[in-house]
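Novice: Contents of query29.txt (compact mmCIF, C-alpha atoms):
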```txt
# COMPACT_ATOMS: atom_id res chain seq x y z
CA MET A 1 84.13 51.66 100.63
CA SER A 2 87.56 51.98 99.06
CA GLU A 3 88.23 54.52 96.35
CA GLN A 4 88.00 53.16 92.81
CA ARG A 5 91.46 53.29 91.28
CA LYS A 6 92.04 54.46 87.71
CA ALA A 7 94.38 53.00 85.13
CA ALA A 8 95.39 54.16 81.66
CA ALA A 9 95.79 51.29 79.21
CA LEU A 10 98.01 51.58 76.16
CA ILE A 11 95.68 50.32 73.42
CA SER A 12 97.35 49.36 70.16
CA GLY A 13 94.31 47.70 68.67
CA GLY A 14 95.82 44.21 68.97
CA LEU A 15 94.75 41.33 71.16
CA ASP A 16 97.34 41.65 73.94
CA SER A 17 96.53 45.21 74.97
CA MET A 18 92.83 44.35 74.74
CA LEU A 19 93.29 41.41 77.12
CA ALA A 20 95.50 43.38 79.52
CA ALA A 21 92.86 46.09 79.83
CA LYS A 22 90.09 43.54 80.28
CA VAL A 23 91.99 41.74 83.06
CA ILE A 24 92.22 44.99 85.01
CA ILE A 25 88.63 46.06 84.28
CA GLU A 26 87.55 42.69 85.72
CA GLN A 27 89.28 43.65 88.95
CA GLY A 28 87.04 46.70 89.37
CA VAL A 29 89.55 49.30 88.25
CA HIS A 30 88.31 52.21 86.10
CA VAL A 31 90.24 51.89 82.82
CA GLU A 32 90.54 54.34 79.94
CA GLY A 33 92.58 53.72 76.82
CA ILE A 34 95.32 55.77 75.22
CA ASN A 35 96.46 55.29 71.63
CA PHE A 36 99.44 57.22 70.34
CA PHE A 37 99.48 58.24 66.69
CA THR A 38 103.09 58.41 65.51
CA GLY A 39 102.22 58.83 61.84
CA PHE A 40 103.46 55.34 60.99
CA CYS A 41 100.39 53.35 61.87
CA VAL A 42 98.84 53.88 58.50
CA GLU A 43 97.20 50.54 57.72
CA GLY A 44 93.94 52.17 56.70
CA HIS A 45 95.53 54.77 54.46
CA THR A 46 96.02 52.67 51.36
CA HIS A 47 92.36 51.74 51.67
CA ALA A 48 91.41 55.39 51.92
CA ILE A 49 93.51 56.29 48.89
CA ARG A 50 93.22 53.44 46.41
CA GLU A 51 90.10 53.44 44.27
CA ARG A 52 89.38 49.73 44.57
CA ASP A 53 89.52 49.86 48.40
CA ARG A 54 87.58 53.04 49.15
CA ALA A 55 84.27 51.21 49.36
CA LYS A 56 85.60 48.97 52.15
CA PRO A 57 87.57 51.21 54.52
CA LYS A 58 89.45 49.43 57.30
CA ARG A 59 88.22 49.93 60.82
CA ASN A 60 90.46 51.63 63.34
CA ASN A 61 91.32 48.73 65.61
CA SER A 62 92.08 50.81 68.70
CA LEU A 63 88.63 52.43 68.54
CA TRP A 64 87.06 49.05 67.91
CA VAL A 65 88.86 47.51 70.90
CA ALA A 66 87.79 50.38 73.16
CA GLU A 67 84.22 49.87 72.08
CA GLN A 68 84.39 46.14 72.78
CA LEU A 69 85.78 46.89 76.23
CA GLY A 70 83.29 49.69 76.91
CA ILE A 71 86.03 52.18 77.76
CA LYS A 72 86.91 55.68 76.60
CA LEU A 73 89.83 56.02 74.20
CA HIS A 74 92.09 59.04 73.93
CA ILE A 75 94.01 59.21 70.64
CA VAL A 76 97.08 61.35 71.10
CA ASP A 77 98.96 62.98 68.22
CA VAL A 78 102.69 62.48 68.90
CA ILE A 79 103.89 62.92 65.31
CA GLU A 80 106.34 65.74 66.06
CA GLU A 81 107.75 64.33 69.28
CA TYR A 82 108.13 60.91 67.72
CA LYS A 83 110.64 62.18 65.16
CA ASP A 84 113.42 62.18 67.72
CA VAL A 85 112.59 58.58 68.65
CA LEU A 86 112.87 57.43 65.06
CA ILE A 87 115.82 59.57 64.05
CA ASN A 88 117.98 59.03 67.16
CA PRO A 89 116.99 55.77 68.83
CA LYS A 90 119.23 55.23 71.85
CA HIS A 91 118.68 51.48 71.68
CA GLY A 92 118.94 51.21 67.90
CA TYR A 93 116.69 49.73 65.24
CA GLY A 94 115.24 46.25 64.84
CA SER A 95 115.49 44.27 61.62
CA ASN A 96 114.10 47.25 59.69
CA MET A 97 113.73 50.91 60.70
CA ASN A 98 111.71 49.97 63.77
CA PRO A 99 113.04 51.53 66.98
CA CYS A 100 110.75 49.29 69.05
CA LEU A 101 112.44 49.61 72.44
CA ASP A 102 112.80 53.39 72.27
CA CYS A 103 109.23 53.57 70.96
CA LYS A 104 107.87 51.65 73.93
CA ILE A 105 109.89 53.76 76.39
CA PHE A 106 108.56 56.90 74.68
CA MET A 107 104.95 55.76 74.82
CA VAL A 108 105.08 54.67 78.44
CA ASN A 109 106.72 58.00 79.29
CA LYS A 110 103.90 59.84 77.50
CA ALA A 111 101.37 57.70 79.35
CA LYS A 112 103.08 58.63 82.64
CA GLN A 113 102.64 62.32 81.79
CA TRP A 114 99.03 61.63 80.83
CA ILE A 115 98.11 59.90 84.09
CA GLN A 116 99.67 62.74 86.07
CA GLU A 117 97.69 65.33 84.13
CA ASN A 118 94.43 63.38 84.34
CA GLY A 119 94.48 62.04 87.89
CA PHE A 120 94.99 58.36 87.07
CA ASP A 121 96.89 55.96 89.32
CA PHE A 122 98.85 53.60 87.08
CA ILE A 123 99.59 52.40 83.55
CA ILE A 124 98.90 49.03 81.95
CA THR A 125 100.32 47.53 78.77
CA GLY A 126 99.80 44.27 76.93
CA GLU A 127 103.49 43.37 76.96
CA VAL A 128 104.45 39.70 77.32
CA ILE A 129 108.00 38.59 78.11
CA GLY A 130 109.55 36.98 75.08
CA GLN A 131 106.74 37.93 72.73
CA ARG A 132 108.78 40.31 70.58
CA PRO A 133 112.47 39.92 69.77
CA MET A 134 113.43 43.54 70.41
CA SER A 135 111.19 45.24 72.92
CA GLN A 136 109.47 42.44 74.83
CA ARG A 137 112.28 40.50 76.46
CA LYS A 138 113.01 39.76 80.10
CA GLN A 139 115.95 42.20 80.02
CA THR A 140 113.98 45.03 78.40
CA MET A 141 111.05 45.05 80.83
CA PRO A 142 112.97 46.88 83.60
CA ILE A 143 114.63 49.17 81.04
CA ILE A 144 111.21 50.34 79.80
CA ALA A 145 109.94 50.87 83.35
CA ARG A 146 113.08 52.77 84.39
CA GLU A 147 113.82 54.87 81.32
CA SER A 148 110.17 55.88 80.84
CA GLY A 149 110.10 57.13 84.42
CA ALA A 150 106.99 55.04 85.09
CA ASP A 151 108.92 52.62 87.35
CA ASP A 152 106.51 50.62 89.48
CA LEU A 153 103.45 52.45 88.16
CA LEU A 154 103.78 50.26 85.07
CA LEU A 155 101.81 47.02 85.32
CA ARG A 156 101.84 44.29 82.66
CA PRO A 157 98.84 42.14 83.57
CA LEU A 158 99.63 39.34 81.09
CA CYS A 159 103.13 38.63 82.44
CA ALA A 160 103.08 40.35 85.85
CA ARG A 161 103.67 37.13 87.77
CA ASN A 162 107.06 36.76 86.10
CA LEU A 163 108.06 40.26 87.20
CA PRO A 164 108.63 42.04 90.52
CA GLU A 165 105.53 43.41 92.25
CA THR A 166 104.40 46.84 91.13
CA LEU A 167 102.76 49.56 93.21
CA PRO A 168 99.18 48.62 92.20
CA GLU A 169 99.87 45.06 93.40
CA ARG A 170 101.59 46.06 96.64
CA GLU A 171 98.83 48.54 97.50
CA GLY A 172 96.13 45.97 96.77
CA TRP A 173 94.58 48.01 93.95
CA VAL A 174 94.82 44.82 91.91
CA ASP A 175 95.10 41.22 93.01
CA ARG A 176 98.38 39.73 91.77
CA ALA A 177 96.89 36.24 92.02
CA LYS A 178 94.46 37.17 89.27
CA LEU A 179 97.18 38.37 86.93
CA PHE A 180 99.06 36.12 84.50
CA GLY A 181 102.53 34.75 83.89
CA PHE A 182 102.58 34.43 80.12
CA SER A 183 105.94 34.23 78.40
CA GLY A 184 107.35 33.26 75.03
CA ARG A 185 106.22 33.69 71.47
CA SER A 186 103.26 31.33 71.61
CA ARG A 187 99.89 33.00 71.13
CA LYS A 188 98.01 30.08 72.64
CA PRO A 189 97.61 31.50 76.19
CA GLN A 190 96.28 34.77 74.81
CA MET A 191 93.86 32.97 72.52
CA GLU A 192 92.59 30.87 75.42
CA LEU A 193 92.13 33.96 77.57
CA ALA A 194 90.33 35.69 74.69
CA GLN A 195 87.99 32.72 74.53
CA GLN A 196 87.33 32.94 78.28
CA PHE A 197 86.40 36.60 77.89
CA GLY A 198 84.21 35.81 74.89
CA PHE A 199 86.35 37.74 72.41
CA VAL A 200 85.91 36.02 69.08
CA ASP A 201 86.89 38.84 66.76
CA TYR A 202 90.23 40.57 67.20
CA ALA A 203 93.00 41.98 65.03
CA GLN A 204 95.28 39.40 63.44
CA PRO A 205 98.20 39.11 63.26
CA ALA A 206 99.43 40.56 66.53
CA GLY A 207 102.35 42.41 64.94
CA GLY A 208 100.59 45.75 65.03
CA CYS A 209 100.17 48.27 62.29
CA CYS A 210 103.55 50.03 62.38
CA PHE A 211 104.99 50.40 58.90
CA LEU A 212 108.50 50.79 60.28
CA THR A 213 108.63 47.02 60.68
CA ASP A 214 107.96 46.64 56.94
CA GLU A 215 111.06 45.99 54.84
CA SER A 216 109.87 47.76 51.71
CA TYR A 217 108.62 50.81 53.59
CA SER A 218 111.88 51.02 55.59
CA ALA A 219 113.92 50.90 52.37
CA LYS A 220 111.99 53.89 51.05
CA LEU A 221 112.55 55.82 54.27
CA VAL A 222 116.30 55.11 54.20
CA ASP A 223 116.43 56.17 50.54
CA LEU A 224 114.66 59.42 51.45
CA TRP A 225 117.15 60.23 54.20
CA GLN A 226 120.21 59.24 52.17
CA ASN A 227 119.25 61.34 49.20
CA ARG A 228 118.18 64.37 51.17
CA GLY A 229 121.40 64.16 53.15
CA THR A 230 119.51 64.55 56.41
CA LYS A 231 117.55 62.25 58.71
CA ASP A 232 114.38 64.26 58.87
CA TYR A 233 110.82 63.92 57.64
CA GLU A 234 107.39 65.49 57.65
CA LEU A 235 104.03 63.74 57.89
CA ASP A 236 103.56 64.22 54.14
CA ASP A 237 106.75 62.20 53.55
CA VAL A 238 105.36 59.40 55.69
CA MET A 239 102.15 59.40 53.65
CA LEU A 240 103.84 59.60 50.25
CA LEU A 241 106.10 56.64 51.01
CA LYS A 242 102.91 54.55 51.04
CA VAL A 243 101.64 55.77 47.69
CA GLY A 244 102.67 54.87 44.14
CA ARG A 245 105.81 53.46 42.58
CA HIS A 246 108.95 55.18 43.83
CA ILE A 247 111.58 55.25 41.09
CA ARG A 248 114.96 56.95 41.56
CA PRO A 249 116.90 57.04 38.29
CA LYS A 250 119.43 59.56 39.68
CA SER A 251 120.42 60.62 43.16
CA ASN A 252 119.06 64.17 42.79
CA PHE A 253 115.43 63.24 42.18
CA LYS A 254 112.82 60.55 42.59
CA VAL A 255 109.62 59.98 40.59
CA ILE A 256 106.47 58.93 42.44
CA VAL A 257 104.09 57.40 39.88
CA ALA A 258 100.46 56.77 40.82
CA ARG A 259 99.43 53.16 40.29
CA GLU A 260 95.73 53.84 39.81
CA GLU A 261 93.03 56.50 39.78
CA GLY A 262 92.72 56.86 43.55
CA GLU A 263 96.46 57.40 43.93
CA SER A 264 96.46 59.98 41.12
CA ARG A 265 93.69 61.84 42.96
CA PHE A 266 95.66 61.69 46.20
CA LEU A 267 98.87 62.95 44.53
CA GLU A 268 96.87 65.83 43.00
CA GLY A 269 96.76 67.27 46.50
CA TYR A 270 100.54 67.71 46.45
CA LYS A 271 100.84 69.64 43.19
CA LYS A 272 101.72 72.84 45.02
CA GLU A 273 104.57 71.15 46.90
CA PHE A 274 106.11 69.14 44.05
CA THR A 275 106.71 69.39 40.33
CA SER A 276 104.10 67.15 38.70
CA LEU A 277 103.96 65.36 35.35
CA ILE A 278 101.09 63.84 33.44
CA SER A 279 100.62 62.76 29.83
CA SER A 280 98.50 65.23 27.86
CA SER A 281 98.35 63.18 24.67
CA HIS A 282 97.25 59.88 26.21
CA SER A 283 95.57 58.94 29.45
CA GLY A 284 98.01 57.97 32.16
CA PRO A 285 99.02 58.37 35.78
CA LEU A 286 100.00 61.52 37.61
CA ALA A 287 103.57 61.59 38.90
CA LEU A 288 105.38 63.84 41.38
CA ILE A 289 109.06 64.68 41.32
CA ASP A 290 110.77 64.76 44.71
CA GLY A 291 114.10 66.54 44.38
CA GLU A 292 115.76 69.11 42.13
CA PRO A 293 115.56 67.85 38.54
CA THR A 294 117.26 69.50 35.57
CA ASP A 295 115.46 69.79 32.21
CA GLU A 296 117.24 66.61 31.15
CA ASP A 297 115.99 64.89 34.30
CA LEU A 298 112.41 65.97 33.56
CA ALA A 299 112.67 64.35 30.14
CA LEU A 300 113.93 61.17 31.79
CA ALA A 301 111.04 61.28 34.28
CA GLY A 302 108.65 61.85 31.37
CA ARG A 303 109.92 58.72 29.61
CA ILE A 304 109.33 56.76 32.81
CA ILE A 305 105.76 57.89 33.36
CA ALA A 306 104.91 57.52 29.65
CA ARG A 307 105.73 53.84 30.08
CA TYR A 308 102.86 53.53 32.60
CA GLY A 309 100.21 55.29 30.47
CA GLN A 310 98.10 54.39 27.45
CA GLY A 311 100.80 55.82 25.20
CA ARG A 312 103.35 53.23 26.23
CA ASP A 313 103.51 51.82 22.69
CA ALA A 314 103.44 55.19 20.91
CA GLU A 315 106.56 56.64 19.36
CA GLN A 316 106.08 59.92 21.17
CA VAL A 317 104.01 61.09 24.14
CA ASP A 318 103.31 64.67 25.24
CA ILE A 319 104.01 65.24 28.91
CA LEU A 320 102.64 68.25 30.75
CA VAL A 321 105.15 69.41 33.36
CA ARG A 322 103.79 71.70 36.06
CA SER A 323 106.04 73.43 38.58
CA GLN A 324 105.07 74.03 42.22
CA LYS A 325 104.26 77.61 41.24
CA GLY A 326 101.92 76.47 38.50
CA LEU A 327 104.16 77.20 35.51
CA GLU A 328 103.40 74.71 32.76
CA GLN A 329 105.39 73.38 29.81
CA THR A 330 104.84 70.44 27.50
CA ILE A 331 107.68 68.13 26.52
CA GLN A 332 107.72 65.31 23.99
CA VAL A 333 109.27 62.03 25.04
CA ALA A 334 109.66 58.49 23.76
CA PRO A 335 108.24 56.06 26.34
CA PHE A 336 110.71 53.69 27.94
CA ALA A 337 110.27 50.01 27.23
CA PRO A 338 109.85 48.04 30.48
CA GLU A 339 113.43 46.71 30.32
CA GLN A 340 114.82 50.23 30.00
CA ILE A 341 113.70 51.07 33.52
CA ALA A 342 116.56 49.57 35.51
CA GLU A 343 115.55 47.33 38.38
CA GLU A 344 117.82 49.21 40.78
CA TRP A 345 115.87 52.41 40.11
CA PHE A 346 112.89 50.99 42.00
CA VAL A 347 113.13 52.04 45.64
CA MET F 348 71.96 75.63 69.21
CA SER F 349 75.40 76.76 68.05
CA ARG F 350 77.16 74.70 65.42
CA GLU F 351 80.85 74.76 64.60
CA THR F 352 82.49 73.42 61.46
CA LEU F 353 85.76 71.48 61.29
CA ASN F 354 87.60 71.17 57.99
CA ALA F 355 89.31 67.76 58.02
CA ARG F 356 89.65 67.44 54.25
CA ARG F 357 92.76 65.62 52.96
CA LEU F 358 93.48 64.23 56.41
CA LEU F 359 93.67 60.46 56.67
CA CYS F 360 92.43 58.50 59.68
CA PRO F 361 93.00 58.75 62.55
CA LEU F 362 93.83 62.44 62.08
CA PRO F 363 90.19 63.48 61.45
CA VAL F 364 89.27 61.69 64.70
CA ILE F 365 92.10 63.41 66.58
CA ARG F 366 91.10 66.84 65.24
CA THR F 367 87.46 66.10 66.16
CA GLN F 368 88.48 65.00 69.64
CA ASP F 369 90.61 68.12 70.16
CA ARG F 370 87.82 70.44 68.99
CA VAL F 371 85.15 68.71 71.09
CA LYS F 372 87.34 69.20 74.19
CA ARG F 373 86.89 72.95 73.77
CA MET F 374 83.11 72.73 73.31
CA VAL F 375 80.30 72.31 75.83
CA ALA F 376 77.51 69.74 76.08
CA GLY F 377 74.72 70.32 73.59
CA GLU F 378 76.83 72.15 71.02
CA GLN F 379 77.07 70.68 67.54
CA LEU F 380 80.09 70.06 65.36
CA GLU F 381 80.03 69.46 61.61
CA VAL F 382 83.15 67.62 60.43
CA ILE F 383 83.94 67.65 56.71
CA CYS F 384 86.33 64.94 55.52
CA THR F 385 87.60 63.23 52.38
CA ASP F 386 88.72 59.92 53.94
CA PRO F 387 85.78 57.47 53.81
CA GLY F 388 87.17 55.76 56.92
CA VAL F 389 85.66 58.54 59.04
CA MET F 390 82.21 57.09 58.41
CA GLN F 391 83.06 54.31 60.85
CA ASP F 392 85.78 55.91 62.95
CA ILE F 393 84.08 59.15 64.05
CA PRO F 394 80.79 57.42 64.99
CA ALA F 395 82.81 54.78 66.91
CA TRP F 396 84.72 57.54 68.71
CA CYS F 397 81.43 59.28 69.53
CA ARG F 398 79.84 56.09 70.87
CA ILE F 399 82.69 55.35 73.27
CA ASN F 400 82.98 58.93 74.44
CA GLY F 401 79.28 59.69 74.91
CA HIS F 402 78.59 62.05 72.00
CA ALA F 403 75.60 61.72 69.66
CA ILE F 404 75.79 61.41 65.89
CA LEU F 405 73.04 63.56 64.35
CA GLU F 406 73.81 63.06 60.68
CA THR F 407 76.24 61.37 58.31
CA LYS F 408 76.25 61.90 54.58
CA ALA F 409 78.51 61.42 51.58
CA GLU F 410 78.32 63.93 48.77
CA ASP F 411 80.68 64.95 45.96
CA GLY F 412 83.57 62.92 47.34
CA GLU F 413 83.21 64.41 50.80
CA TYR F 414 82.01 62.79 54.01
CA ILE F 415 80.13 65.00 56.43
CA ILE F 416 79.36 64.06 60.00
CA VAL F 417 77.35 66.16 62.43
CA LEU F 418 77.68 65.33 66.10
CA GLU F 419 76.30 66.74 69.31
CA VAL F 420 78.67 67.03 72.24
CA GLY F 421 77.61 64.91 75.21
CA GLU F 422 77.96 65.55 78.94
```
Mind turning this structure into structure tokens?

Specialist:
Amino acid sequence: MSEQRKAAALISGGLDSMLAAKVIIEQGVHVEGINFFTGFCVEGHTHAIRERDRAKPKRNNSLWVAEQLGIKLHIVDVIEEYKDVLINPKHGYGSNMNPCLDCKIFMVNKAKQWIQENGFDFIITGEVIGQRPMSQRKQTMPIIARESGADDLLLRPLCARNLPETLPEREGWVDRAKLFGFSGRSRKPQMELAQQFGFVDYAQPAGGCCFLTDESYSAKLVDLWQNRGTKDYELDDVMLLKVGRHIRPKSNFKVIVAREEGESRFLEGYKKEFTSLISSSHSGPLALIDGEPTDEDLALAGRIIARYGQGRDAEQVDILVRSQKGLEQTIQVAPFAPEQIAEEWFV
Amino acid sequence: MSRETLNARRLLCPLPVIRTQDRVKRMVAGEQLEVICTDPGVMQDIPAWCRINGHAILETKAEDGEYIIVLEVGE
């Protein structure tokens, strides 16, 4: 009896990687999933933070997919290593701050290391030629295989028949005739295959959960880099870009204003890292100051946050300012009227 | 049976799952791990991770804004 071969499947939580893994499982290969956490797949975070969503947390789609497939899933923290991919993408960005091609090369390279360390034979992904404008094109398929170092250990079951044979096919570990030749942006072939496998529930849309493809999120990231004067970030920056209103009235500081109770509670956790402001005379949101504000700037920030509290119509509002070290002072400000907060201040 | 505790407060999913996974790797079958979190998403994610990786959930509870999951490491 021949040895059972082992494949590591990159599982994003979307339909394509789910189908790719299933196609190979059906051929008798032992498959385990890998999901890389870059810090930017944060679809569940707003649910975890915002008060109105906490009662209905979003499922983690990669775990859900693994469970549907009956395979193990290894979630790998690549937050630190991923910084270089995002900050210096060799192949550039997509329409927003998404370095999709470099990201795919990085992940396949990490998967190559993983299979070597864990005694697996090859890698599978849910890529389809022509499915994505940046990373999933006919020209990029060999670039990913070559630059990741995976070469012919990388098998794309959904479009393999449009590509040269890989090692698993040549060695007979998988039957090429039972692989697919999908191409183009249509989702119809995948949906038909899902139906054949009996998958009725899967993540929609197929665009994945990466916030770097989001225009608004990307604008906040660019603003962060421009105003810090350096293209760097920490995980806390990634999280905070998802929370609150980001208002930059001057280049030396930004105000992050909680939009509701859950966000205020979340921002509370950062009071030792940032100067914080909250109205002490009226109920209102907590705000953090990112940057180096002067006393005049703090008064300006106070007028902004007073506009979002119950004292918005009062002549004067008391604002408690707390430094990172816990030093407190109270300032009196006149709340801004909505039209006094310039549109271009909103990041 | 020995029980370890993992503080995953303030971490948002999937980080509590990753920290759980990394700790369980260093434990042996039969040992128990209590994970304390503040992200309600762990109530589905950690049990799902346990089911697919062969670990048993002994207890889940929510109290005072915290979510506590006790698991037993499988073979």

Novice: In Å, rounded to a single decimal, give me how far atom CA of Glu117 of chain A is from atom CA of Val375 of chain F.

Specialist: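 Straight-line distance from atom CA of Val375 of chain F to atom CA of Glu117 of chain A works out to 20.5 Å.
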
Novice: What are the closest atom pairs, with distances in Å to one decimal, for each residue of chain F lying within 6 Å of chain A, using only C-alpha atoms, rows by chain and rising residue number, as a tab-separated table?

Specialist:
```
residue	atom	partner	partner_atom	distance
F:Asp386	CA	A:Ala48	CA	5.6
F:Gly388	CA	A:Pro57	CA	5.2
F:Ile399	CA	A:Lys72	CA	5.4
F:Asn400	CA	A:Lys72	CA	5.5
```

Novice: For each of A:Leu179, A:Ala7, A:Ile87, A:Ile123, take the minimum atom-to-atom distance to Ala111 of chain A, counting only C-alpha atoms, then give the residue where this is smallest.

Specialist: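 Counting only C-alpha atoms, the residue closest to Ala111 of chain A is A:Ile123.
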
Novice: Contacts of Glu165 of chain A at 9 Å or less, counting only C-alpha atoms, minus same-chain residues fewer than 3 places along, as a VMD selection string?

Specialist: chain A and resid 152 155 160 to 161 168 to 170 176

Novice: So how far away is atom CA of Val29 of chain A from atom CA of Asp102 of chain A, in Å?

Specialist: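 Rounded to one decimal, the two atoms are 28.5 Å apart.
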
Novice: Measuring atom to atom with only C-alpha atoms, identify which of A:Gly28, A:Pro189, A:Lys254, A:Asp223 is nearest to Asp175 of chain A.

Specialist: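 Looking at the shortest contact to Asp175 of chain A, the residue is A:Gly28.
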